[in-house]
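Structure data follow from protein.pdb (PDB, C-alpha atoms):
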```pdb
ATOM      1  CA  MET A   1      -9.925 -22.065 -16.978
ATOM      2  CA  THR A   2     -10.324 -22.215 -20.707
ATOM      3  CA  GLN A   3      -8.256 -21.626 -23.829
ATOM      4  CA  ILE A   4     -11.282 -20.130 -25.609
ATOM      5  CA  PHE A   5     -13.621 -18.109 -23.374
ATOM      6  CA  ALA A   6     -16.674 -18.325 -25.642
ATOM      7  CA  GLY A   7     -19.143 -17.838 -22.771
ATOM      8  CA  ALA A   8     -17.819 -14.446 -21.691
ATOM      9  CA  GLN A   9     -20.467 -12.302 -23.383
ATOM     10  CA  TYR A  10     -23.324 -14.456 -22.072
ATOM     11  CA  LEU A  11     -22.002 -14.417 -18.509
ATOM     12  CA  ALA A  12     -21.474 -10.665 -18.674
ATOM     13  CA  GLN A  13     -25.041 -10.091 -19.907
ATOM     14  CA  LYS A  14     -26.478 -12.260 -17.138
ATOM     15  CA  GLY A  15     -24.393 -10.573 -14.434
ATOM     16  CA  VAL A  16     -23.042 -13.869 -13.118
ATOM     17  CA  PRO A  17     -20.001 -13.400 -10.838
ATOM     18  CA  THR A  18     -17.338 -15.291 -12.786
ATOM     19  CA  PHE A  19     -13.760 -15.962 -11.723
ATOM     20  CA  GLY A  20     -10.967 -17.593 -13.691
ATOM     21  CA  TRP A  21      -7.518 -17.711 -15.253
ATOM     22  CA  ASN A  22      -7.114 -14.592 -17.349
ATOM     23  CA  ILE A  23      -5.377 -15.603 -20.567
ATOM     24  CA  ASN A  24      -8.221 -14.426 -22.833
ATOM     25  CA  ALA A  25      -9.068 -10.919 -24.039
ATOM     26  CA  GLU A  26     -12.763 -11.707 -23.377
ATOM     27  CA  TRP A  27     -12.345 -11.300 -19.608
ATOM     28  CA  ASP A  28     -12.950  -7.548 -20.013
ATOM     29  CA  LYS A  29     -16.525  -8.019 -21.294
ATOM     30  CA  GLY A  30     -18.176  -6.965 -18.057
ATOM     31  CA  PRO A  31     -17.701  -5.752 -14.467
ATOM     32  CA  ASN A  32     -18.755  -9.195 -13.157
ATOM     33  CA  LEU A  33     -15.808 -11.047 -14.760
ATOM     34  CA  PHE A  34     -12.758 -11.349 -12.514
ATOM     35  CA  GLY A  35      -9.387 -12.779 -13.545
ATOM     36  CA  GLU A  36      -6.681 -13.615 -11.037
ATOM     37  CA  LYS A  37      -4.437 -10.826 -12.382
ATOM     38  CA  GLY A  38      -7.142  -8.396 -13.391
ATOM     39  CA  SER A  39      -9.546  -8.753 -16.270
ATOM     40  CA  TYR A  40      -7.845  -6.889 -19.075
ATOM     41  CA  LEU A  41      -5.321  -8.162 -21.585
ATOM     42  CA  CYS A  42      -4.078  -6.284 -24.645
ATOM     43  CA  PHE A  43      -2.034  -8.533 -26.887
ATOM     44  CA  THR A  44      -1.097  -5.786 -29.342
ATOM     45  CA  CYS A  45      -0.219  -3.195 -26.673
ATOM     46  CA  THR A  46       3.436  -2.473 -26.009
ATOM     47  CA  ASN A  47       4.957  -5.363 -24.038
ATOM     48  CA  ALA A  48       7.938  -4.095 -22.071
ATOM     49  CA  ALA A  49       8.921  -7.399 -20.401
ATOM     50  CA  PRO A  50      11.172  -8.866 -23.142
ATOM     51  CA  ALA A  51      12.728  -5.439 -23.757
ATOM     52  CA  PHE A  52      13.473  -5.119 -20.055
ATOM     53  CA  ILE A  53      15.240  -8.500 -20.060
ATOM     54  CA  GLY A  54      17.305  -7.433 -23.054
ATOM     55  CA  LYS A  55      18.194  -4.151 -21.339
ATOM     56  CA  GLN A  56      19.309  -5.907 -18.160
ATOM     57  CA  LEU A  57      21.507  -8.278 -20.166
ATOM     58  CA  GLY A  58      23.010  -5.532 -22.329
ATOM     59  CA  LEU A  59      21.601  -6.989 -25.573
ATOM     60  CA  HIS A  60      20.670  -5.044 -28.692
ATOM     61  CA  THR A  61      19.610  -7.333 -31.552
ATOM     62  CA  VAL A  62      16.496  -9.472 -31.203
ATOM     63  CA  ALA A  63      14.181 -11.796 -33.097
ATOM     64  CA  ILE A  64      10.501 -12.599 -32.550
ATOM     65  CA  LEU A  65       8.906 -15.974 -33.304
ATOM     66  CA  ALA A  66       5.176 -16.702 -33.277
ATOM     67  CA  TYR A  67       2.556 -19.038 -34.663
ATOM     68  CA  THR A  68       0.080 -18.137 -37.386
ATOM     69  CA  ALA A  69      -2.748 -18.301 -34.822
ATOM     70  CA  PRO A  70      -4.220 -14.796 -34.309
ATOM     71  CA  GLN A  71      -3.550 -14.710 -30.561
ATOM     72  CA  SER A  72       0.098 -15.635 -31.117
ATOM     73  CA  ALA A  73       0.577 -13.220 -34.020
ATOM     74  CA  THR A  74      -0.929 -10.281 -32.117
ATOM     75  CA  CYS A  75       1.276 -11.102 -29.123
ATOM     76  CA  ALA A  76       4.262 -10.739 -31.459
ATOM     77  CA  GLN A  77       3.054  -7.250 -32.389
ATOM     78  CA  GLY A  78       3.094  -6.262 -28.721
ATOM     79  CA  GLU A  79       6.618  -7.604 -28.254
ATOM     80  CA  ALA A  80       7.816  -5.802 -31.382
ATOM     81  CA  ALA A  81       6.292  -2.540 -30.132
ATOM     82  CA  GLY A  82       8.158  -2.923 -26.831
ATOM     83  CA  PHE A  83      11.490  -3.572 -28.501
ATOM     84  CA  GLN A  84      11.027  -0.674 -30.915
ATOM     85  CA  LYS A  85       9.993   1.718 -28.141
ATOM     86  CA  TYR A  86      13.162   1.014 -26.206
ATOM     87  CA  GLY A  87      15.620   1.141 -29.081
ATOM     88  CA  PHE A  88      16.271  -2.521 -29.919
ATOM     89  CA  ASN A  89      17.071  -3.772 -33.395
ATOM     90  CA  VAL A  90      14.329  -6.245 -34.393
ATOM     91  CA  ALA A  91      16.322  -8.221 -36.941
ATOM     92  CA  LEU A  92      13.635 -10.852 -37.597
ATOM     93  CA  MET A  93       9.916 -11.226 -36.954
ATOM     94  CA  ASP A  94       8.340 -14.486 -38.110
ATOM     95  CA  THR A  95       4.631 -15.102 -37.435
ATOM     96  CA  SER A  96       4.297 -17.924 -39.958
ATOM     97  CA  LEU A  97       5.259 -20.874 -37.762
ATOM     98  CA  GLN A  98       2.929 -23.853 -37.393
ATOM     99  CA  PHE A  99       2.220 -25.807 -34.215
ATOM    100  CA  GLY A 100       4.651 -28.707 -33.915
ATOM    101  CA  PHE A 101       7.354 -27.219 -36.159
ATOM    102  CA  SER A 102      10.773 -28.831 -35.899
ATOM    103  CA  ASP A 103      12.846 -26.738 -38.295
ATOM    104  CA  LEU A 104      13.358 -22.961 -38.371
ATOM    105  CA  GLY A 105      14.877 -23.063 -41.841
ATOM    106  CA  SER A 106      15.876 -19.635 -43.134
ATOM    107  CA  ASP A 107      15.147 -18.017 -39.751
ATOM    108  CA  ILE A 108      18.309 -19.602 -38.364
ATOM    109  CA  ASP A 109      20.387 -18.235 -41.237
ATOM    110  CA  GLN A 110      19.046 -14.735 -40.670
ATOM    111  CA  MET A 111      19.679 -14.905 -36.926
ATOM    112  CA  LYS A 112      23.269 -15.952 -37.576
ATOM    113  CA  SER A 113      23.954 -13.301 -40.185
ATOM    114  CA  LYS A 114      22.322 -10.498 -38.191
ATOM    115  CA  GLY A 115      23.819 -11.409 -34.833
ATOM    116  CA  VAL A 116      20.604 -12.045 -32.907
ATOM    117  CA  GLN A 117      21.216 -12.138 -29.155
ATOM    118  CA  LEU A 118      17.693 -12.604 -27.771
ATOM    119  CA  VAL A 119      14.657 -14.427 -29.143
ATOM    120  CA  ALA A 120      11.230 -13.448 -27.839
ATOM    121  CA  THR A 121       8.469 -15.949 -28.514
ATOM    122  CA  CYS A 122       4.690 -16.031 -28.508
ATOM    123  CA  MET A 123       4.312 -19.798 -28.427
ATOM    124  CA  ASP A 124       3.551 -22.642 -26.079
ATOM    125  CA  ILE A 125       6.395 -24.235 -24.174
ATOM    126  CA  ASN A 126       6.829 -27.009 -26.775
ATOM    127  CA  GLY A 127       7.442 -24.418 -29.450
ATOM    128  CA  GLU A 128       9.822 -22.486 -27.231
ATOM    129  CA  VAL A 129      11.890 -25.600 -26.514
ATOM    130  CA  ASN A 130      11.884 -26.602 -30.180
ATOM    131  CA  ALA A 131      13.201 -23.165 -31.136
ATOM    132  CA  ALA A 132      15.911 -23.244 -28.456
ATOM    133  CA  LYS A 133      17.034 -26.708 -29.581
ATOM    134  CA  ALA A 134      17.124 -25.601 -33.211
ATOM    135  CA  LEU A 135      19.420 -22.694 -32.349
ATOM    136  CA  ARG A 136      21.740 -24.932 -30.351
ATOM    137  CA  ARG A 137      21.970 -27.400 -33.233
ATOM    138  CA  ALA A 138      22.846 -24.479 -35.488
ATOM    139  CA  GLY A 139      25.751 -23.441 -33.266
ATOM    140  CA  LEU A 140      23.997 -20.607 -31.389
ATOM    141  CA  PRO A 141      23.914 -21.927 -27.816
ATOM    142  CA  ASN A 142      24.292 -18.507 -26.151
ATOM    143  CA  VAL A 143      21.178 -16.844 -27.576
ATOM    144  CA  LYS A 144      18.761 -15.985 -24.755
ATOM    145  CA  PHE A 145      15.013 -16.640 -24.901
ATOM    146  CA  TYR A 146      11.950 -14.917 -23.493
ATOM    147  CA  ALA A 147       8.823 -17.062 -23.132
ATOM    148  CA  PRO A 148       5.354 -15.766 -22.183
ATOM    149  CA  GLN A 149       4.354 -19.119 -20.703
ATOM    150  CA  GLY A 150       5.987 -22.261 -19.353
ATOM    151  CA  TYR A 151       6.890 -21.356 -15.785
ATOM    152  CA  ASP A 152       5.767 -24.615 -14.195
ATOM    153  CA  PRO A 153       7.552 -27.243 -12.044
ATOM    154  CA  ALA A 154       6.126 -29.926 -14.342
ATOM    155  CA  THR A 155       7.773 -28.224 -17.305
ATOM    156  CA  LEU A 156      11.130 -28.427 -15.550
ATOM    157  CA  ALA A 157      10.563 -32.086 -14.793
ATOM    158  CA  LYS A 158       9.745 -32.768 -18.441
ATOM    159  CA  TYR A 159      12.398 -30.709 -20.203
ATOM    160  CA  GLY A 160      15.176 -30.278 -17.620
ATOM    161  CA  ASN A 161      18.253 -28.615 -19.075
ATOM    162  CA  GLU A 162      16.530 -28.073 -22.417
ATOM    163  CA  LEU A 163      14.960 -25.004 -20.777
ATOM    164  CA  ASN A 164      18.343 -23.481 -19.941
ATOM    165  CA  GLY A 165      18.575 -19.818 -20.876
ATOM    166  CA  ILE A 166      14.822 -19.230 -21.171
ATOM    167  CA  TYR A 167      13.461 -16.264 -19.183
ATOM    168  CA  PHE A 168       9.912 -15.981 -17.899
ATOM    169  CA  ALA A 169       8.014 -12.964 -16.554
ATOM    170  CA  ILE A 170       5.365 -13.943 -13.999
ATOM    171  CA  GLU A 171       2.801 -11.978 -12.025
ATOM    172  CA  PHE A 172       3.092 -13.731  -8.682
ATOM    173  CA  ILE A 173       5.865 -14.545  -6.234
ATOM    174  CA  PRO A 174       7.862 -17.444  -7.704
ATOM    175  CA  PHE A 175       7.223 -20.740  -5.942
ATOM    176  CA  GLU A 176      10.963 -21.037  -5.311
ATOM    177  CA  ASP A 177      10.827 -17.834  -3.214
ATOM    178  CA  ALA A 178       7.803 -18.657  -1.096
ATOM    179  CA  LYS A 179       9.849 -17.990   2.046
ATOM    180  CA  ASP A 180       8.916 -14.318   1.714
ATOM    181  CA  SER A 181       5.155 -14.972   1.588
ATOM    182  CA  LYS A 182       3.116 -16.705   4.274
ATOM    183  CA  ALA A 183       0.134 -16.772   1.914
ATOM    184  CA  LEU A 184       2.108 -18.581  -0.797
ATOM    185  CA  GLN A 185       3.510 -20.978   1.780
ATOM    186  CA  LEU A 186      -0.051 -21.811   2.815
ATOM    187  CA  PHE A 187      -1.017 -22.467  -0.819
ATOM    188  CA  ILE A 188       1.944 -24.827  -1.280
ATOM    189  CA  LYS A 189       1.180 -26.607   2.002
ATOM    190  CA  GLN A 190      -2.448 -27.197   1.015
ATOM    191  CA  MET A 191      -1.577 -28.386  -2.500
ATOM    192  CA  ASN A 192       0.957 -30.826  -1.092
ATOM    193  CA  ALA A 193      -1.565 -32.112   1.456
ATOM    194  CA  LEU A 194      -4.053 -32.748  -1.356
ATOM    195  CA  HIS A 195      -1.367 -34.211  -3.674
ATOM    196  CA  LYS A 196      -2.247 -31.578  -6.262
ATOM    197  CA  PRO A 197       0.156 -29.927  -8.719
ATOM    198  CA  ILE A 198       1.734 -26.633  -7.748
ATOM    199  CA  ASN A 199       1.559 -24.425 -10.812
ATOM    200  CA  GLU A 200       0.189 -21.148 -12.152
ATOM    201  CA  GLN A 201      -3.229 -22.566 -12.971
ATOM    202  CA  ALA A 202      -3.731 -23.973  -9.476
ATOM    203  CA  LEU A 203      -2.580 -20.681  -7.954
ATOM    204  CA  ALA A 204      -5.005 -18.776 -10.186
ATOM    205  CA  GLY A 205      -7.820 -20.912  -8.792
ATOM    206  CA  TRP A 206      -6.600 -20.253  -5.242
ATOM    207  CA  ILE A 207      -6.514 -16.476  -5.837
ATOM    208  CA  ASP A 208      -9.942 -16.513  -7.506
ATOM    209  CA  ALA A 209     -11.430 -18.470  -4.598
ATOM    210  CA  ASP A 210      -9.931 -15.970  -2.155
ATOM    211  CA  LEU A 211     -11.402 -13.068  -4.127
ATOM    212  CA  LEU A 212     -14.852 -14.695  -4.275
ATOM    213  CA  TYR A 213     -14.751 -15.522  -0.566
ATOM    214  CA  LYS A 214     -13.830 -11.973   0.390
ATOM    215  CA  GLY A 215     -16.543 -10.615  -1.897
ATOM    216  CA  ILE A 216     -19.179 -12.803  -0.230
ATOM    217  CA  LYS A 217     -17.959 -11.837   3.231
ATOM    218  CA  LYS A 218     -18.173  -8.126   2.403
ATOM    219  CA  ALA A 219     -21.580  -8.491   0.743
ATOM    220  CA  GLY A 220     -22.960  -9.977   3.966
ATOM    221  CA  PRO A 221     -25.156 -12.970   4.880
ATOM    222  CA  ASN A 222     -27.969 -12.005   2.477
ATOM    223  CA  PHE A 223     -25.670 -11.718  -0.507
ATOM    224  CA  THR A 224     -26.817 -11.836  -4.121
ATOM    225  CA  GLN A 225     -24.935 -12.154  -7.378
ATOM    226  CA  ARG A 226     -25.088  -8.365  -7.809
ATOM    227  CA  SER A 227     -23.987  -7.572  -4.263
ATOM    228  CA  VAL A 228     -20.967  -9.868  -4.547
ATOM    229  CA  VAL A 229     -19.938  -8.246  -7.838
ATOM    230  CA  ASP A 230     -20.360  -4.789  -6.308
ATOM    231  CA  ALA A 231     -18.355  -5.811  -3.250
ATOM    232  CA  VAL A 232     -15.393  -7.140  -5.227
ATOM    233  CA  ASN A 233     -15.403  -3.980  -7.333
ATOM    234  CA  THR A 234     -14.646  -1.924  -4.213
ATOM    235  CA  PHE A 235     -11.340  -3.756  -3.653
ATOM    236  CA  ASN A 236      -8.303  -1.685  -4.534
ATOM    237  CA  GLY A 237      -4.772  -2.855  -3.941
ATOM    238  CA  TYR A 238      -5.853  -6.504  -3.905
ATOM    239  CA  THR A 239      -2.771  -8.742  -3.612
ATOM    240  CA  ALA A 240      -4.207 -12.094  -2.390
ATOM    241  CA  ASP A 241      -2.448 -11.386   0.904
ATOM    242  CA  GLY A 242       0.824 -10.575  -0.802
ATOM    243  CA  ILE A 243       1.039 -13.332  -3.425
ATOM    244  CA  ARG A 244       0.863 -10.973  -6.403
ATOM    245  CA  PRO A 245       1.235  -7.262  -7.251
ATOM    246  CA  PRO A 246      -1.863  -5.185  -6.490
ATOM    247  CA  VAL A 247      -4.988  -5.085  -8.648
ATOM    248  CA  ASN A 248      -7.379  -2.156  -8.334
ATOM    249  CA  TRP A 249     -10.860  -3.559  -8.934
ATOM    250  CA  GLY A 250     -12.500  -0.294  -7.881
ATOM    251  CA  PHE A 251     -10.237   1.737 -10.139
ATOM    252  CA  PRO A 252     -10.534   1.355 -13.930
ATOM    253  CA  ASP A 253      -7.442  -0.738 -14.480
ATOM    254  CA  GLY A 254      -8.996  -3.878 -12.969
ATOM    255  CA  HIS A 255     -11.455  -4.239 -15.823
ATOM    256  CA  GLY A 256      -9.416  -2.222 -18.274
ATOM    257  CA  PRO A 257      -9.796   0.331 -21.020
ATOM    258  CA  ALA A 258     -13.016  -1.219 -22.360
ATOM    259  CA  ASN A 259     -14.844   0.562 -19.544
ATOM    260  CA  ASN A 260     -13.529   4.026 -20.405
ATOM    261  CA  GLN A 261     -14.994   6.291 -23.046
ATOM    262  CA  ASN A 262     -11.604   7.267 -24.453
ATOM    263  CA  ASN A 263     -10.431   3.624 -24.422
ATOM    264  CA  THR A 264      -7.368   4.385 -22.299
ATOM    265  CA  VAL A 265      -6.400   3.454 -18.778
ATOM    266  CA  PRO A 266      -6.020   6.526 -16.543
ATOM    267  CA  VAL A 267      -2.606   7.607 -15.347
ATOM    268  CA  GLY A 268      -1.974   5.946 -12.023
ATOM    269  CA  THR A 269      -1.643   2.347 -13.168
ATOM    270  CA  GLU A 270       1.484   0.240 -13.074
ATOM    271  CA  VAL A 271       2.960  -2.887 -14.602
ATOM    272  CA  CYS A 272       4.872  -5.375 -12.423
ATOM    273  CA  ALA A 273       6.526  -8.751 -12.942
ATOM    274  CA  ALA A 274       8.899 -11.162 -11.285
ATOM    275  CA  TYR A 275      11.547 -12.566 -13.629
ATOM    276  CA  VAL A 276      13.013 -16.052 -13.502
ATOM    277  CA  ILE A 277      15.441 -17.985 -15.704
ATOM    278  CA  ALA A 278      15.665 -21.738 -16.188
ATOM    279  CA  LYS A 279      19.153 -22.797 -15.177
ATOM    280  CA  ASN A 280      20.446 -26.337 -14.644
ATOM    281  CA  GLY A 281      17.038 -27.819 -13.939
ATOM    282  CA  LYS A 282      15.842 -24.983 -11.686
ATOM    283  CA  PHE A 283      13.997 -21.690 -11.935
ATOM    284  CA  VAL A 284      16.125 -18.875 -10.498
ATOM    285  CA  LEU A 285      14.849 -15.396  -9.627
ATOM    286  CA  GLN A 286      16.461 -12.599 -11.648
ATOM    287  CA  PHE A 287      16.713  -8.788 -11.490
ATOM    288  CA  ALA A 288      15.135  -8.641  -8.013
ATOM    289  CA  LYS A 289      16.118  -7.195  -4.638
ATOM    290  CA  PRO A 290      16.033  -9.068  -1.320
ATOM    291  CA  HIS A 291      12.394  -9.554  -0.269
ATOM    292  CA  GLN A 292      11.241  -7.578  -3.340
ATOM    293  CA  PRO A 293      10.688  -9.950  -6.262
ATOM    294  CA  PHE A 294       8.528  -7.624  -8.390
ATOM    295  CA  LEU A 295      10.018  -5.012 -10.659
ATOM    296  CA  CYS A 296       7.503  -2.323 -11.602
ATOM    297  CA  ALA A 297       7.069   0.734 -13.778
ATOM    298  CA  ARG A 298       4.391   3.205 -14.695
ATOM    299  CA  ASN A 299       1.937   1.915 -17.275
ATOM    300  CA  ASN A 300      -0.381   3.603 -19.763
ATOM    301  CA  PRO A 301       1.797   5.288 -20.723
ATOM    302  CA  LEU A 302       4.952   3.296 -20.162
ATOM    303  CA  PRO A 303       8.017   5.362 -19.163
ATOM    304  CA  PRO A 304      10.151   6.784 -21.972
ATOM    305  CA  SER A 305      13.064   4.570 -20.943
ATOM    306  CA  ILE A 306      13.589   1.475 -18.792
ATOM    307  CA  ASP A 307      16.491   2.946 -16.902
ATOM    308  CA  PRO A 308      16.715   2.480 -13.107
ATOM    309  CA  GLN A 309      15.206   5.901 -12.344
ATOM    310  CA  ASN A 310      11.940   4.799 -13.986
ATOM    311  CA  LEU A 311      11.685   1.459 -12.154
ATOM    312  CA  TYR A 312      10.799   0.455  -8.590
ATOM    313  CA  TYR A 313      10.370  -2.746  -6.595
ATOM    314  CA  ARG A 314       7.489  -4.397  -4.759
ATOM    315  CA  PRO A 315       6.403  -5.100  -2.124
ATOM    316  CA  PRO A 316       7.597  -1.853  -0.528
ATOM    317  CA  LEU A 317       9.874  -2.268   2.447
ATOM    318  CA  PRO A 318       8.975  -0.588   5.770
ATOM    319  CA  GLY A 319       9.298   3.158   5.356
ATOM    320  CA  GLN A 320       9.668   2.974   1.586
ATOM    321  CA  VAL A 321       7.540   5.423  -0.382
ATOM    322  CA  LEU A 322       6.360   4.290  -3.809
ATOM    323  CA  PRO A 323       6.065   6.666  -6.787
ATOM    324  CA  THR A 324       2.832   8.594  -7.177
ATOM    325  CA  ASN A 325       1.937   6.500 -10.225
ATOM    326  CA  ALA A 326       1.808   3.333  -8.093
ATOM    327  CA  THR A 327      -1.488   1.699  -7.191
ATOM    328  CA  VAL A 328      -4.029   3.653  -5.155
ATOM    329  CA  PRO A 329      -4.325   2.928  -1.394
ATOM    330  CA  SER A 330      -5.612  -0.534  -0.559
ATOM    331  CA  THR A 331      -9.268  -1.111   0.279
ATOM    332  CA  ALA A 332      -9.002  -4.894  -0.032
ATOM    333  CA  PRO A 333      -9.920  -6.728   3.193
ATOM    334  CA  ALA A 334      -7.488  -9.000   4.937
ATOM    335  CA  THR A 335      -8.328 -12.690   5.040
ATOM    336  CA  PRO A 336     -10.801 -13.261   7.942
TER     337      PRO A 336
END
```
Show me the file's structure as structure tokens.
Amino acid sequence: MTQIFAGAQYLAQKGVPTFGWNINAEWDKGPNLFGEKGSYLCFTCTNAAPAFIGKQLGLHTVAILAYTAPQSATCAQGEAAGFQKYGFNVALMDTSLQFGFSDLGSDIDQMKSKGVQLVATCMDINGEVNAAKALRRAGLPNVKFYAPQGYDPATLAKYGNELNGIYFAIEFIPFEDAKDSKALQLFIKQMNALHKPINEQALAGWIDADLLYKGIKKAGPNFTQRSVVDAVNTFNGYTADGIRPPVNWGFPDGHGPANNQNNTVPVGTEVCAAYVIAKNGKFVLQFAKPHQPFLCARNNPLPPSIDPQNLYYRPPLPGQVLPTNATVPSTAPATP
């Protein structure tokens, strides 16, 4: 788990099976690098999550805030592309903010005058909270927020009601809804027994360990680095026993467009997320159906609209047939 994955190219060249928390574009450097949610990130690609939140809430006018750091600024491009694709008015896009800012200055005036209803950010949780507080001080308490990171029980404990109104899109079953997942319940039980924090980073390590273990088991008792890599890359529909939406490691979307000559992911991939909002000191699941926390759509290309006919829910209920663009049939082994 690293903020800057400087060793990616070296590990890829050496063929070392490497598992970790995928928050870095470098995870797609080789077929031996495995992130807990797949190994491909595209910060400038169209990000539909904040647009979907705005659509569900009936909002139209949005603003985007980001730091000057390249990763933050490129994230803002992806959010802007999503809003523009789905017909939102992007009234303000500011990628000039510095870490630790406390004043939004003229941004607040523009948001007021242009009637901004939703702010999408590409910042850490401190920046997100600072922005929300600045809007409240300016008399805009009802503006909603989308945050790409910050879903963490420790964040709630630290900020409490200051997080109110902030939405998060996450790629695993929310901890608050573990009742629908025996695998997630087991994770929580083990973390509690070890007095370890229950958060996204710990869960990423749990999922990575599960993936490594299953790769070794499939490779057999005389396994090598190469045989473990090859084994994991046969797993399609990998969900960590239902904790997350499926990843197809044996289909190009696991490692992403970098492995394709035309630099595109084939039709047949999907994008899924569970949405939560911070409300009165709690994270509350949003936009879901009973026992189906993940809302999904076709990806690469995204659907022309985010209307109900282009969306579906996961995991599928008994007898439910998913669209043909959903993940290919599972070849991932069950936990021994």
Taking (13.3, -2.6, 3.8) in the file's own coordinates, collect the residues within 9 Å, counting only C-alpha atoms, and hand them back as a PyMOL selection string.
chain A and resi 290-292+316-320
Can you give me, as a PyMOL selection string, the residues this file yields under the PyMOL selection byres ((chain A and resi 53) around 10)?
chain A and resi 48-52+54-59+118+144-146+167-169+275+286-287
For C-alpha atoms, I'd like the residues from the last selection saved as a PDB file, in the coordinates of the input.
```
ATOM      1  CA  ALA A  48       7.938  -4.095 -22.071  1.00  0.00           C
ATOM      2  CA  ALA A  49       8.921  -7.399 -20.401  1.00  0.00           C
ATOM      3  CA  PRO A  50      11.172  -8.866 -23.142  1.00  0.00           C
ATOM      4  CA  ALA A  51      12.728  -5.439 -23.757  1.00  0.00           C
ATOM      5  CA  PHE A  52      13.473  -5.119 -20.055  1.00  0.00           C
ATOM      6  CA  GLY A  54      17.305  -7.433 -23.054  1.00  0.00           C
ATOM      7  CA  LYS A  55      18.194  -4.151 -21.339  1.00  0.00           C
ATOM      8  CA  GLN A  56      19.309  -5.907 -18.160  1.00  0.00           C
ATOM      9  CA  LEU A  57      21.507  -8.278 -20.166  1.00  0.00           C
ATOM     10  CA  GLY A  58      23.010  -5.532 -22.329  1.00  0.00           C
ATOM     11  CA  LEU A  59      21.601  -6.989 -25.573  1.00  0.00           C
ATOM     12  CA  LEU A 118      17.693 -12.604 -27.771  1.00  0.00           C
ATOM     13  CA  LYS A 144      18.761 -15.985 -24.755  1.00  0.00           C
ATOM     14  CA  PHE A 145      15.013 -16.640 -24.901  1.00  0.00           C
ATOM     15  CA  TYR A 146      11.950 -14.917 -23.493  1.00  0.00           C
ATOM     16  CA  TYR A 167      13.461 -16.264 -19.183  1.00  0.00           C
ATOM     17  CA  PHE A 168       9.912 -15.981 -17.899  1.00  0.00           C
ATOM     18  CA  ALA A 169       8.014 -12.964 -16.554  1.00  0.00           C
ATOM     19  CA  TYR A 275      11.547 -12.566 -13.629  1.00  0.00           C
ATOM     20  CA  GLN A 286      16.461 -12.599 -11.648  1.00  0.00           C
ATOM     21  CA  PHE A 287      16.713  -8.788 -11.490  1.00  0.00           C
TER      22      PHE A 287
END
```
Reference answer for the PyMOL selection byres ((chain A and resi 75-80) around 8), as a list in words:
Phe43, Thr44, Cys45, Thr46, Asn47, Ala48, Pro50, Ala51, Ile64, Leu65, Ala66, Gln71, Ser72, Ala73, Thr74, Ala81, Gly82, Phe83, Gln84, Val90, Met93, Thr95, Ala120, Thr121 and Cys122 of chain A
Selected residues written out with C-alpha atoms, as an mmCIF file, in the coordinates of the input:
```
data_model
loop_
_atom_site.group_PDB
_atom_site.id
_atom_site.type_symbol
_atom_site.label_atom_id
_atom_site.label_comp_id
_atom_site.auth_asym_id
_atom_site.auth_seq_id
_atom_site.Cartn_x
_atom_site.Cartn_y
_atom_site.Cartn_z
ATOM 1 C CA PHE A 43 -2.034 -8.533 -26.887
ATOM 2 C CA THR A 44 -1.097 -5.786 -29.342
ATOM 3 C CA CYS A 45 -0.219 -3.195 -26.673
ATOM 4 C CA THR A 46 3.436 -2.473 -26.009
ATOM 5 C CA ASN A 47 4.957 -5.363 -24.038
ATOM 6 C CA ALA A 48 7.938 -4.095 -22.071
ATOM 7 C CA PRO A 50 11.172 -8.866 -23.142
ATOM 8 C CA ALA A 51 12.728 -5.439 -23.757
ATOM 9 C CA ILE A 64 10.501 -12.599 -32.550
ATOM 10 C CA LEU A 65 8.906 -15.974 -33.304
ATOM 11 C CA ALA A 66 5.176 -16.702 -33.277
ATOM 12 C CA GLN A 71 -3.550 -14.710 -30.561
ATOM 13 C CA SER A 72 0.098 -15.635 -31.117
ATOM 14 C CA ALA A 73 0.577 -13.220 -34.020
ATOM 15 C CA THR A 74 -0.929 -10.281 -32.117
ATOM 16 C CA ALA A 81 6.292 -2.540 -30.132
ATOM 17 C CA GLY A 82 8.158 -2.923 -26.831
ATOM 18 C CA PHE A 83 11.490 -3.572 -28.501
ATOM 19 C CA GLN A 84 11.027 -0.674 -30.915
ATOM 20 C CA VAL A 90 14.329 -6.245 -34.393
ATOM 21 C CA MET A 93 9.916 -11.226 -36.954
ATOM 22 C CA THR A 95 4.631 -15.102 -37.435
ATOM 23 C CA ALA A 120 11.230 -13.448 -27.839
ATOM 24 C CA THR A 121 8.469 -15.949 -28.514
ATOM 25 C CA CYS A 122 4.690 -16.031 -28.508
#
```
Let me make sure I understand: among A:Asp124, A:Asp28, A:Asp177, A:Asp230, which one has the smallest atom-to-atom distance to Lys289 of chain A if we use only C-alpha atoms?
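Closest to Lys289 of chain A, using only C-alpha atoms: A:Asp177.
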Which residues fall under the PyMOL selection byres ((chain A and resi 39) around 7) in this file, as a PyMOL selection string?
chain A and resi 22+27-28+33-35+37-38+40-41+254-256
So that I can check the surroundings of Phe235 of chain A, please list as a ChimeraX atom specification every protein, DNA and RNA residue that reaches within 9 Å of it, counting only C-alpha atoms and ignoring chain neighbours fewer than 3 positions away.
/A:215,231-232,238,247-251,330-333
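Ranking A:Lys85, A:Lys282, A:Lys114, A:Arg136 by their shortest atom-to-atom distance to Ala157 of chain A, with only C-alpha atoms included, puts A:Lys282 first.
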